[in-house]
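What follows is a single structure, written as C-alpha cells, with notes after it.
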Amino acid sequence: MVRSLLTAVSAAALLLGATGAAAAQDTAASVATAQAEAPREPIVWDLSDLYADAEAWRREYDAVSAELAGIAAYQGRLGQNARTLADAMDLVSALGKRSTQLFVYATLRGDEDTRVQENLARRQLGNQLFARLSEATSWINPEILSVGERRIESFIRREPRLGVHAVGLRETLRFAEHTLTSESESVLAAASLPLGGPQRIYTQMSGSDIEWPTIQIDGRDVRIDNQGYALNRQNPDRETRRRVFDAFYATWAQYESTLGETLASNTQAQVMNAQVRNYDSAREAALFANALPVAIYDQLVAQAHAGLPTLHRYFRLRGRMLGIQDLAYYDIYPDLLSYDATYTLADSERITLEALTPFGEDYLAILRQGFAANWTHAYPQEGKQSGAYVFGAAYDVHPYVLLNHQDDFNSLSTFAHEWGHAVHSVLANQTQPWETANYATFVAEMASTINEVLLLRHLQANAPSDDARLYFLSQELELYRGTFFRQTMFGEFEAQIHAAAEAGEPLTGERLSEMYLALLRAYHGADEGVMAIDEDYALEWAYIPHFYYNFYVFQYATSVAASTMFAERLISGEAGAREAVIDMLRKGGSEQPHDMFVAAGVDLTTPTPYQTVVTRMEAIMDEMDALLSRR
C-alpha cells in the first residue's frame with residue numbers, strides 16, 4: 001500500500017512536469033509569444049475548491065506535518081492483527097491524500113505567476129512534505145514483507161477496511177526481492193533529494209542560467225532560448241530556420257561537458273538504485289514499477305526501425321511539398337501548407353465535443369461539466385507557467401487544467417489532449433477509492449493521445465477544402481513522426497546510455513553527442529540520402545528534459561500506437577470498442593497497465609499496434625499524393 005501510495009504521489013508530480021515540458025517544447029510551440037499577448041477576458045481556475053486561501057493551506061500543512069509523527073506508533077506492530085494493520089494503512093493513506101492536495105494547490109498557485117517568491121516557497125514546502133512522508137513510512141514495506149504474504153492475505157480476508165489497501169499491499173509483496181531493510185530504505189528515502197540534484201541543476205541551468213543568443217528575424221531581435229527556438233524553428237524561411245538551429249545548438253555546445261556530467265550523474269544514480277535493489281538493469285527497475293514486460297520496450301524499438309522506410313517516405317514527401325531537394329534537420333518543423341484558421345476557446349470546446357462523440361454521452365457529459373466550471377486557467381499572462389498540463393490528483397475536488405490558449409490549431413490540439421487527461425481523472429476518481437484511483441503514465445498518455453487522433457480524423461472528415469484536408473492529414477503525420485518515431489528514438493538513446501553506464505563506460509558530453517548523432521542519422525535516413533544531419537545538432541540531447549525522468553519517454557510512443565488502434569475501432573463502430581476504452585480509464589490503478597491494455601484488446605508486446613501506426617501513415621500519404629496530383 002505504501003509503495004503504491006508514494007508512487008502515486010511522485011507519479012502525479014512527474015506527469016505534471018513531463019506534460020508541461022512536452023507541451024512547452026514540442027506541442028505548443030506558440031507559447032513563446034505568451035508573455036506578449038494579454039487575454040481580453042481572463043479565464044482562471046478557482047482554487048478555493050481546494051483551500052479557502054493561503055492561510056487555510058498553511059494551517060492544513062502544519063496539521064499534516066504534526067500528524068506524520070503518529071505513523072511511528074505502528075512500527076513493529078503491523079503483524080499483530082488485521083485491525084492494527086488497517087489502522088496504520090488508513091492513517092498513511094489519509095496523510096498521503098492530504099499531502100497530495102497540499103501539493104496540488106502549491107503547484108497551481110505557483111504556476112499562475114512563477115515570479116512570486118511566496119509561491120516558490122510554498123511549492124518547496126510541498127516537496128519537503130513528500131520527502132518527510134517518505135522517510136516516515138520507509139520502514140513499512142520491509143515490515144510488511146517480514147510479516148509475510150500468507151499472514152497479510154489472511155488479514156485482508158478478515159478485515160473489510162483492508163479492501164481498499166489490498167492492491168497496494170500486494171504491490172509491496174510483489175517488490176519483495178527488491179526491498180531492502182528498514183534502515184537501508186530509510187537511507188535511500190533520505191537520499192532522494194540529493195539524488196535528484198542533477199535534474200534540478202539541469203532545470204535551473206537550462207531555464208535561467210544559460211546566456212541565450214539573440215538573432216535578427218524579420219527586422220527584430222529574437223532571443224533564441226528554449227521557447228524562442230520552439231517557435232522560430234517553424235519559420236517558413238529556410239535560411240531563418242538554419243540560423244535559429246545554429247544559434248541554439250551552438251549555445252548548448254558551450255555546456256556540452258558540464259551537461260554531460262549532469263546527465264551522466266543522473267544516469268548513474270538510476271543504475272545505482274537498480275543495483276542495490278537487485279534488478280538486472282535500470283530499465284528493468286523502471287518498468288518493474290508498473291509490472292511492464294521489458295518485451296514492450298524491445299518490441300517498440302524493433303518496430304520503429306522496421307517502419308523507418310515509411311518515415312523516410314514522409315520526409316521525401318515533406319521535401320517535395322516544401323520544394324527542397326537537399327532536406328536538412330531544420331526542415332522538419334515548418335507546416336507543409338499555410339492554414340491560418342482561428343480557433344477560439346469556445347471553438348476548441350465545441351470541436352472537441354464533436355470529435356469525441358465516439359466515446360459516448362457519459363464521456364461528453366464530463367467534458368461539458370468541466371467546460372462550464374472553473375477548472376481551467378486558459379490564457380497566457382505575464383509570469384504564468386508555459387505549456388499545458390492537467391493535475392488530477394486532488395481526489396476530493398476535480399482536475400485542474402492549465403492552458404496557454406493562443407486561438408490557433410496547436411491550441412485546439414493541446415486542448416483536446418489535456419482534456420483527455422482530465423476526463424481520465426474524473427472517471428477513475430468516480431469509480432475507484434483514493435488508494436487505487438491514481439493511474440500509471442503508461443495508461444495516461446493513451447487517454448490524451450487518442451483525443452488528438454480522433455480530433456484530426458474529425459477535422460479531416462469535415463475539411464472545407466482539399467488544402468484544409470491536406471493540412472490536417474499532414475498534422476496527423478506529424479503526430480506520428482513526433483510521438484511515435486521521435487519518442488522511440490529518445491527511448492533508444494536512454495536505453496543506450498544506461499547500458500553504457502552499467503557496463504562501466506564513461507559518459508562524457510562528447511560521448512553522449514556521438515551516441516545521439518548516430519541515432520539521429522539512422523532515424524532520419526542520412527545514409528540513404530533522405531536528410532542531412534549536421535553534427536552540431538547532436539547537442540539536441542542536452543535540450544530534452546525527459547532524459548532526467550528515468551525511462552519515461554517511451555510511453556509516449558506506446559501510447560500513440562495504442563491510441564491509433566483504439567481510434568480505428570471507435571471510428572469503425574466496432575462492437576464493444578467504446579466500452580473497452582472507457583472501462584480501462586475507469587480502472588485507475590486497480591490493475592497493472594499491461595493487463596488493462598490486453599483486456600481492452602491491445603497487446604503492446606506484439607508488433608500489431610506499432611504496425612497500425614505505420615499502416616495509417618502509408619494510407620495518409622497515399623491520400624495526400626492523390627490530392628496533390630489534382631492541385
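The chains in the C-alpha cells are called A, B, ... from first to last as shown; in each chain the residues are counted from 1, and the ligands are counted from 1 in the order shown.
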
> Using only C-alpha atoms, which residues sit within 12 Å of Glu149 of chain A once same-chain residues fewer than 4 positions away are excluded, as a ChimeraX atom specification?
Replying inline: /A:79,143-145,153-156,166,169-176

Could you list, as a short mmCIF file (atom, residue, chain, number, x, y, z; two decimals) with N, CA and C atoms, in the first residue's frame, every residue within 10 Å of Ala306 of chain A, counting only C-alpha atoms and ignoring same-chain residues fewer than 4 positions away?
data_model
loop_
_atom_site.label_atom_id
_atom_site.label_comp_id
_atom_site.auth_asym_id
_atom_site.auth_seq_id
_atom_site.Cartn_x
_atom_site.Cartn_y
_atom_site.Cartn_z
N LEU A 300 8.87 -2.14 -29.26
CA LEU A 300 8.71 -0.77 -29.74
C LEU A 300 9.89 -0.35 -30.59
N VAL A 301 11.10 -0.54 -30.09
CA VAL A 301 12.29 -0.12 -30.83
C VAL A 301 12.42 -0.92 -32.13
N ALA A 302 12.17 -2.21 -32.06
CA ALA A 302 12.29 -3.05 -33.25
C ALA A 302 11.29 -2.63 -34.32
N THR A 310 8.90 3.96 -44.01
CA THR A 310 7.69 4.80 -44.06
C THR A 310 8.00 6.20 -43.57
N LEU A 311 8.76 6.31 -42.49
CA LEU A 311 9.17 7.64 -42.01
C LEU A 311 9.98 8.37 -43.09
N TYR A 610 2.05 -1.25 -33.29
CA TYR A 610 3.03 -0.39 -33.93
C TYR A 610 2.87 -0.42 -35.45
N GLN A 611 2.54 -1.59 -35.96
CA GLN A 611 2.29 -1.71 -37.40
C GLN A 611 1.04 -0.93 -37.81
N VAL A 614 2.21 2.54 -38.69
CA VAL A 614 2.88 2.58 -39.99
C VAL A 614 1.87 2.45 -41.12
#

>> For a quick check of understanding, using only C-alpha atoms, which of A:Ser629, A:Thr414, A:Asn127, A:Ser192 has the smallest distance to Gln270 of chain A?
In response: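 Going through A:Ser629, A:Thr414, A:Asn127, A:Ser192 one by one, the smallest distance to Gln270 of chain A is for A:Ser192.
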
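Note that the spacing between atom CA of Ile217 of chain A and atom CA of Tyr249 of chain A amounts to 17.3 Å.
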
> Which residues come within 8 Å of Gly383 of chain A, counting only C-alpha atoms, excluding same-chain residues fewer than 4 positions away, as an MDAnalysis selection string?
Replying inline: chainID A and resid 35 112:115

Using only all heavy atoms, please write the residues we just selected to a file, as a PDB file, in the first residue's frame.
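New file selection-v7.pdb:
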ATOM      1  N   GLN A  35       3.918  35.819 -23.292  1.00  0.00           N
ATOM      2  CA  GLN A  35       4.054  36.981 -22.450  1.00  0.00           C
ATOM      3  C   GLN A  35       3.659  38.265 -23.174  1.00  0.00           C
ATOM      4  O   GLN A  35       3.453  39.292 -22.545  1.00  0.00           O
ATOM      5  CB  GLN A  35       5.504  37.090 -21.957  1.00  0.00           C
ATOM      6  CG  GLN A  35       6.045  35.793 -21.357  1.00  0.00           C
ATOM      7  CD  GLN A  35       5.186  35.269 -20.244  1.00  0.00           C
ATOM      8  OE1 GLN A  35       4.593  36.033 -19.505  1.00  0.00           O
ATOM      9  NE2 GLN A  35       5.086  33.958 -20.107  1.00  0.00           N
ATOM     10  N   GLU A 112       0.495  30.086 -11.597  1.00  0.00           N
ATOM     11  CA  GLU A 112      -0.222  31.284 -12.017  1.00  0.00           C
ATOM     12  C   GLU A 112       0.754  32.434 -12.268  1.00  0.00           C
ATOM     13  O   GLU A 112       0.564  33.225 -13.185  1.00  0.00           O
ATOM     14  CB  GLU A 112      -1.224  31.713 -10.936  1.00  0.00           C
ATOM     15  CG  GLU A 112      -2.383  30.772 -10.766  1.00  0.00           C
ATOM     16  CD  GLU A 112      -3.249  31.157  -9.576  1.00  0.00           C
ATOM     17  OE1 GLU A 112      -2.838  32.018  -8.774  1.00  0.00           O
ATOM     18  OE2 GLU A 112      -4.347  30.589  -9.456  1.00  0.00           O
ATOM     19  N   ASP A 113       1.782  32.520 -11.428  1.00  0.00           N
ATOM     20  CA  ASP A 113       2.807  33.554 -11.596  1.00  0.00           C
ATOM     21  C   ASP A 113       4.098  33.033 -10.977  1.00  0.00           C
ATOM     22  O   ASP A 113       4.260  33.029  -9.754  1.00  0.00           O
ATOM     23  CB  ASP A 113       2.385  34.866 -10.932  1.00  0.00           C
ATOM     24  CG  ASP A 113       3.282  36.037 -11.342  1.00  0.00           C
ATOM     25  OD1 ASP A 113       4.433  35.789 -11.750  1.00  0.00           O
ATOM     26  OD2 ASP A 113       2.826  37.196 -11.259  1.00  0.00           O
ATOM     27  N   THR A 114       5.002  32.579 -11.822  1.00  0.00           N
ATOM     28  CA  THR A 114       6.233  31.946 -11.360  1.00  0.00           C
ATOM     29  C   THR A 114       7.213  32.940 -10.756  1.00  0.00           C
ATOM     30  O   THR A 114       8.249  32.529 -10.219  1.00  0.00           O
ATOM     31  CB  THR A 114       6.921  31.211 -12.525  1.00  0.00           C
ATOM     32  OG1 THR A 114       7.220  32.164 -13.567  1.00  0.00           O
ATOM     33  CG2 THR A 114       6.017  30.121 -13.083  1.00  0.00           C
ATOM     34  N   ARG A 115       6.900  34.223 -10.826  1.00  0.00           N
ATOM     35  CA  ARG A 115       7.816  35.241 -10.282  1.00  0.00           C
ATOM     36  C   ARG A 115       7.601  35.486  -8.800  1.00  0.00           C
ATOM     37  O   ARG A 115       8.427  36.124  -8.150  1.00  0.00           O
ATOM     38  CB  ARG A 115       7.624  36.560 -11.040  1.00  0.00           C
ATOM     39  CG  ARG A 115       7.840  36.469 -12.540  1.00  0.00           C
ATOM     40  CD  ARG A 115       7.294  37.698 -13.241  1.00  0.00           C
ATOM     41  NE  ARG A 115       5.864  37.854 -12.990  1.00  0.00           N
ATOM     42  CZ  ARG A 115       5.161  38.915 -13.375  1.00  0.00           C
ATOM     43  NH1 ARG A 115       5.738  39.897 -14.036  1.00  0.00           N
ATOM     44  NH2 ARG A 115       3.857  38.986 -13.104  1.00  0.00           N
TER      45      ARG A 115
END

> Using only C-alpha atoms, which residue out of A:Tyr61, A:Tyr329, A:Val104, A:Leu459 lies closest to Leu517 of chain A?
Replying inline: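 Checking each of A:Tyr61, A:Tyr329, A:Val104, A:Leu459 against Leu517 of chain A, counting only C-alpha atoms, the winner is A:Tyr329.
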
>> Which residue is closest to Gly76 of chain A? Choose from A:Phe485, A:Tyr229, A:Tyr105, A:Trp139 and count only C-alpha atoms.
In response: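 Of A:Phe485, A:Tyr229, A:Tyr105, A:Trp139, the one nearest Gly76 of chain A, counting only C-alpha atoms, is A:Trp139.
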
>> Which residues are close to segment 183-187 of chain A, i.e. within 6 Å by only C-alpha atoms, leaving aside same-chain residues fewer than 2 positions away? Reply as a ChimeraX atom specification.
In response: /A:135,138,180-181,189-190

>> Report as a list of chain:residue names all protein, DNA and RNA residues lying within 9 Å of Val44 of chain A, evaluated on only C-alpha atoms, omitting residues in the same chain fewer than 4 positions from it.
In response: A:Glu112, A:Asn374, A:Trp375, A:Thr376, A:His377, A:Ala378, A:Tyr379, A:Leu402

> Separation of atom CA of Ile71 of chain A and atom CA of Val92 of chain A, in Å?
Replying inline: 7.1 Å

>> If we count only C-alpha atoms and set the cut-off at 7 Å, which residues sit around Ala106 of chain A, ignoring sequence neighbours fewer than 2 positions away in its own chain? Please answer as an MDAnalysis selection string.
In response: chainID A and resid 102:104 108:110 119 122:123 126

Restricting it to all heavy atoms, dump the selection as a tab-separated table (two decimals), in the first residue's frame.
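New file result10.tsv:
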chain	number	residue	atom	x	y	z
A	102	LEU	N	-2.34	19.31	-0.77
A	102	LEU	CA	-1.48	20.46	-0.45
A	102	LEU	C	-0.52	20.76	-1.61
A	102	LEU	O	-0.32	21.92	-1.98
A	102	LEU	CB	-0.69	20.18	0.83
A	102	LEU	CG	-1.48	20.25	2.14
A	102	LEU	CD1	-0.71	19.57	3.27
A	102	LEU	CD2	-1.77	21.71	2.52
A	103	PHE	N	0.04	19.71	-2.18
A	103	PHE	CA	0.98	19.89	-3.28
A	103	PHE	C	0.29	20.42	-4.53
A	103	PHE	O	0.83	21.25	-5.26
A	103	PHE	CB	1.68	18.56	-3.59
A	103	PHE	CG	2.72	18.66	-4.66
A	103	PHE	CD1	3.92	19.30	-4.41
A	103	PHE	CD2	2.50	18.13	-5.92
A	103	PHE	CE1	4.89	19.40	-5.41
A	103	PHE	CE2	3.46	18.22	-6.91
A	103	PHE	CZ	4.66	18.86	-6.66
A	104	VAL	N	-0.92	19.95	-4.79
A	104	VAL	CA	-1.68	20.43	-5.95
A	104	VAL	C	-1.89	21.94	-5.83
A	104	VAL	O	-1.63	22.69	-6.78
A	104	VAL	CB	-3.03	19.69	-6.07
A	104	VAL	CG1	-3.90	20.36	-7.13
A	104	VAL	CG2	-2.80	18.22	-6.43
A	108	LEU	N	-0.34	24.75	-8.43
A	108	LEU	CA	-1.21	25.58	-9.25
A	108	LEU	C	-1.04	27.07	-8.92
A	108	LEU	O	-0.97	27.90	-9.83
A	108	LEU	CB	-2.67	25.17	-9.05
A	108	LEU	CG	-3.03	23.72	-9.41
A	108	LEU	CD1	-4.49	23.45	-9.11
A	108	LEU	CD2	-2.72	23.43	-10.87
A	109	ARG	N	-0.98	27.38	-7.63
A	109	ARG	CA	-0.78	28.78	-7.26
A	109	ARG	C	0.56	29.30	-7.77
A	109	ARG	O	0.66	30.43	-8.25
A	109	ARG	CB	-0.87	28.93	-5.74
A	109	ARG	CG	-0.78	30.36	-5.24
A	109	ARG	CD	-1.96	31.19	-5.74
A	109	ARG	NE	-3.17	30.93	-4.98
A	109	ARG	CZ	-4.39	31.19	-5.42
A	109	ARG	NH1	-4.57	31.69	-6.64
A	109	ARG	NH2	-5.45	30.94	-4.69
A	110	GLY	N	1.57	28.46	-7.70
A	110	GLY	CA	2.88	28.86	-8.20
A	110	GLY	C	2.90	29.09	-9.69
A	110	GLY	O	3.56	30.01	-10.18
A	119	ASN	N	5.03	31.91	-3.64
A	119	ASN	CA	4.56	30.69	-4.29
A	119	ASN	C	5.67	29.66	-4.42
A	119	ASN	O	5.45	28.45	-4.25
A	119	ASN	CB	4.00	31.03	-5.67
A	119	ASN	CG	2.74	31.87	-5.58
A	119	ASN	OD1	2.05	31.88	-4.57
A	119	ASN	ND2	2.44	32.60	-6.65
A	122	ARG	N	6.17	28.03	-1.10
A	122	ARG	CA	5.09	27.10	-0.79
A	122	ARG	C	5.29	25.77	-1.54
A	122	ARG	O	5.07	24.69	-0.98
A	122	ARG	CB	3.74	27.72	-1.16
A	122	ARG	CG	2.55	26.91	-0.66
A	122	ARG	CD	1.24	27.52	-1.10
A	122	ARG	NE	1.01	28.83	-0.51
A	122	ARG	CZ	1.00	29.98	-1.19
A	122	ARG	NH1	1.20	29.97	-2.51
A	122	ARG	NH2	0.77	31.12	-0.58
A	123	ARG	N	5.72	25.86	-2.78
A	123	ARG	CA	5.96	24.63	-3.54
A	123	ARG	C	7.11	23.83	-2.92
A	123	ARG	O	7.06	22.60	-2.85
A	123	ARG	CB	6.27	24.95	-5.00
A	123	ARG	CG	6.55	23.71	-5.83
A	123	ARG	CD	6.82	24.04	-7.28
A	123	ARG	NE	5.58	24.34	-7.97
A	123	ARG	CZ	5.52	24.54	-9.30
A	123	ARG	NH1	6.61	24.48	-10.03
A	123	ARG	NH2	4.37	24.80	-9.87
A	126	GLY	N	5.81	21.92	-0.11
A	126	GLY	CA	5.08	20.74	-0.58
A	126	GLY	C	6.01	19.59	-0.91
A	126	GLY	O	5.75	18.43	-0.55

>> So that I can check the secondary structure, give me every residue of segment 290-340 of chain A assigned helix (DSSP H, G or I) by backbone DSSP, as a PyMOL selection string.
In response: chain A and resi 294-306+308-322+329-331

Go ahead and save the picked residues with N, CA, C and O atoms, as a short mmCIF file (atom, residue, chain, number, x, y, z; two decimals), in the first residue's frame.
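File produced: result-v6.cif:
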data_model
loop_
_atom_site.label_atom_id
_atom_site.label_comp_id
_atom_site.auth_asym_id
_atom_site.auth_seq_id
_atom_site.Cartn_x
_atom_site.Cartn_y
_atom_site.Cartn_z
N VAL A 294 9.65 -6.09 -20.22
CA VAL A 294 10.71 -5.44 -20.99
C VAL A 294 10.49 -5.66 -22.48
O VAL A 294 10.93 -4.87 -23.31
N ALA A 295 9.75 -6.71 -22.81
CA ALA A 295 9.46 -7.00 -24.22
C ALA A 295 8.73 -5.85 -24.91
O ALA A 295 8.85 -5.67 -26.13
N ILE A 296 7.98 -5.06 -24.16
CA ILE A 296 7.29 -3.90 -24.75
C ILE A 296 8.32 -2.92 -25.30
O ILE A 296 8.19 -2.43 -26.43
N TYR A 297 9.33 -2.64 -24.50
CA TYR A 297 10.37 -1.69 -24.91
C TYR A 297 11.11 -2.21 -26.15
O TYR A 297 11.32 -1.48 -27.13
N ASP A 298 11.49 -3.47 -26.09
CA ASP A 298 12.24 -4.06 -27.21
C ASP A 298 11.39 -4.11 -28.48
O ASP A 298 11.88 -3.84 -29.58
N GLN A 299 10.11 -4.46 -28.34
CA GLN A 299 9.22 -4.53 -29.50
C GLN A 299 9.03 -3.15 -30.10
O GLN A 299 9.02 -2.99 -31.34
N LEU A 300 8.87 -2.14 -29.26
CA LEU A 300 8.71 -0.77 -29.74
C LEU A 300 9.89 -0.35 -30.59
O LEU A 300 9.71 0.16 -31.72
N VAL A 301 11.10 -0.54 -30.09
CA VAL A 301 12.29 -0.12 -30.83
C VAL A 301 12.42 -0.92 -32.13
O VAL A 301 12.70 -0.36 -33.20
N ALA A 302 12.17 -2.21 -32.06
CA ALA A 302 12.29 -3.05 -33.25
C ALA A 302 11.29 -2.63 -34.32
O ALA A 302 11.64 -2.54 -35.52
N GLN A 303 10.06 -2.34 -33.93
CA GLN A 303 9.04 -1.97 -34.91
C GLN A 303 9.25 -0.56 -35.45
O GLN A 303 8.91 -0.28 -36.60
N ALA A 304 9.80 0.32 -34.63
CA ALA A 304 10.13 1.65 -35.14
C ALA A 304 11.20 1.55 -36.22
O ALA A 304 11.11 2.20 -37.27
N HIS A 305 12.20 0.72 -35.99
CA HIS A 305 13.23 0.53 -37.02
C HIS A 305 12.64 -0.12 -38.26
O HIS A 305 13.00 0.25 -39.39
N ALA A 306 11.74 -1.07 -38.07
CA ALA A 306 11.10 -1.70 -39.23
C ALA A 306 10.28 -0.69 -40.02
O ALA A 306 10.11 -0.84 -41.25
N LEU A 308 11.02 2.51 -40.45
CA LEU A 308 11.79 3.67 -40.91
C LEU A 308 11.60 3.97 -42.41
O LEU A 308 11.58 5.15 -42.80
N PRO A 309 11.44 2.97 -43.28
CA PRO A 309 11.16 3.32 -44.68
C PRO A 309 9.91 4.18 -44.84
O PRO A 309 9.86 5.06 -45.71
N THR A 310 8.90 3.96 -44.01
CA THR A 310 7.69 4.80 -44.06
C THR A 310 8.00 6.20 -43.57
O THR A 310 7.53 7.19 -44.15
N LEU A 311 8.76 6.31 -42.49
CA LEU A 311 9.17 7.64 -42.01
C LEU A 311 9.98 8.37 -43.09
O LEU A 311 9.77 9.56 -43.33
N HIS A 312 10.87 7.65 -43.75
CA HIS A 312 11.68 8.27 -44.79
C HIS A 312 10.83 8.69 -45.98
O HIS A 312 11.10 9.71 -46.63
N ARG A 313 9.79 7.91 -46.29
CA ARG A 313 8.85 8.33 -47.34
C ARG A 313 8.20 9.66 -46.96
O ARG A 313 8.03 10.54 -47.82
N TYR A 314 7.85 9.80 -45.68
CA TYR A 314 7.26 11.07 -45.24
C TYR A 314 8.25 12.22 -45.40
O TYR A 314 7.88 13.31 -45.85
N PHE A 315 9.51 11.99 -45.06
CA PHE A 315 10.49 13.06 -45.21
C PHE A 315 10.64 13.46 -46.69
O PHE A 315 10.76 14.65 -47.01
N ARG A 316 10.61 12.48 -47.58
CA ARG A 316 10.71 12.81 -49.00
C ARG A 316 9.47 13.59 -49.46
O ARG A 316 9.59 14.53 -50.27
N LEU A 317 8.30 13.21 -48.95
CA LEU A 317 7.09 13.96 -49.26
C LEU A 317 7.21 15.38 -48.72
O LEU A 317 6.83 16.35 -49.40
N ARG A 318 7.75 15.52 -47.54
CA ARG A 318 7.94 16.85 -46.95
C ARG A 318 8.86 17.69 -47.83
O ARG A 318 8.58 18.86 -48.11
N GLY A 319 9.96 17.11 -48.28
CA GLY A 319 10.88 17.85 -49.15
C GLY A 319 10.21 18.27 -50.44
O GLY A 319 10.39 19.39 -50.92
N ARG A 320 9.40 17.36 -51.01
CA ARG A 320 8.72 17.68 -52.26
C ARG A 320 7.73 18.82 -52.08
O ARG A 320 7.66 19.74 -52.91
N MET A 321 6.95 18.78 -50.98
CA MET A 321 5.95 19.82 -50.77
C MET A 321 6.57 21.17 -50.41
O MET A 321 6.01 22.23 -50.71
N LEU A 322 7.74 21.13 -49.76
CA LEU A 322 8.41 22.38 -49.42
C LEU A 322 9.31 22.88 -50.56
O LEU A 322 9.86 23.99 -50.47
N TYR A 329 17.93 18.84 -41.25
CA TYR A 329 17.21 18.63 -40.00
C TYR A 329 16.35 19.83 -39.64
O TYR A 329 15.31 19.68 -39.00
N TYR A 330 16.76 21.02 -40.04
CA TYR A 330 15.97 22.21 -39.72
C TYR A 330 14.76 22.38 -40.64
O TYR A 330 14.05 23.38 -40.56
N ASP A 331 14.52 21.41 -41.51
CA ASP A 331 13.34 21.46 -42.38
C ASP A 331 12.18 20.60 -41.85
O ASP A 331 11.17 20.44 -42.54
#

>> Could you list, as a PyMOL selection string, every residue within 12 Å of Gly163 of chain A, counting only C-alpha atoms and ignoring same-chain residues fewer than 2 positions away?
In response: chain A and resi 1+82+85-86+89-90+152-161+165-170+432-433+435-436+590

> Looking at only C-alpha atoms, which of A:Arg350, A:Arg242, A:Arg631, A:His458 is the one that sits closest to Ile533 of chain A?
Replying inline: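 Smallest separation from Ile533 of chain A among the options: A:Arg242.
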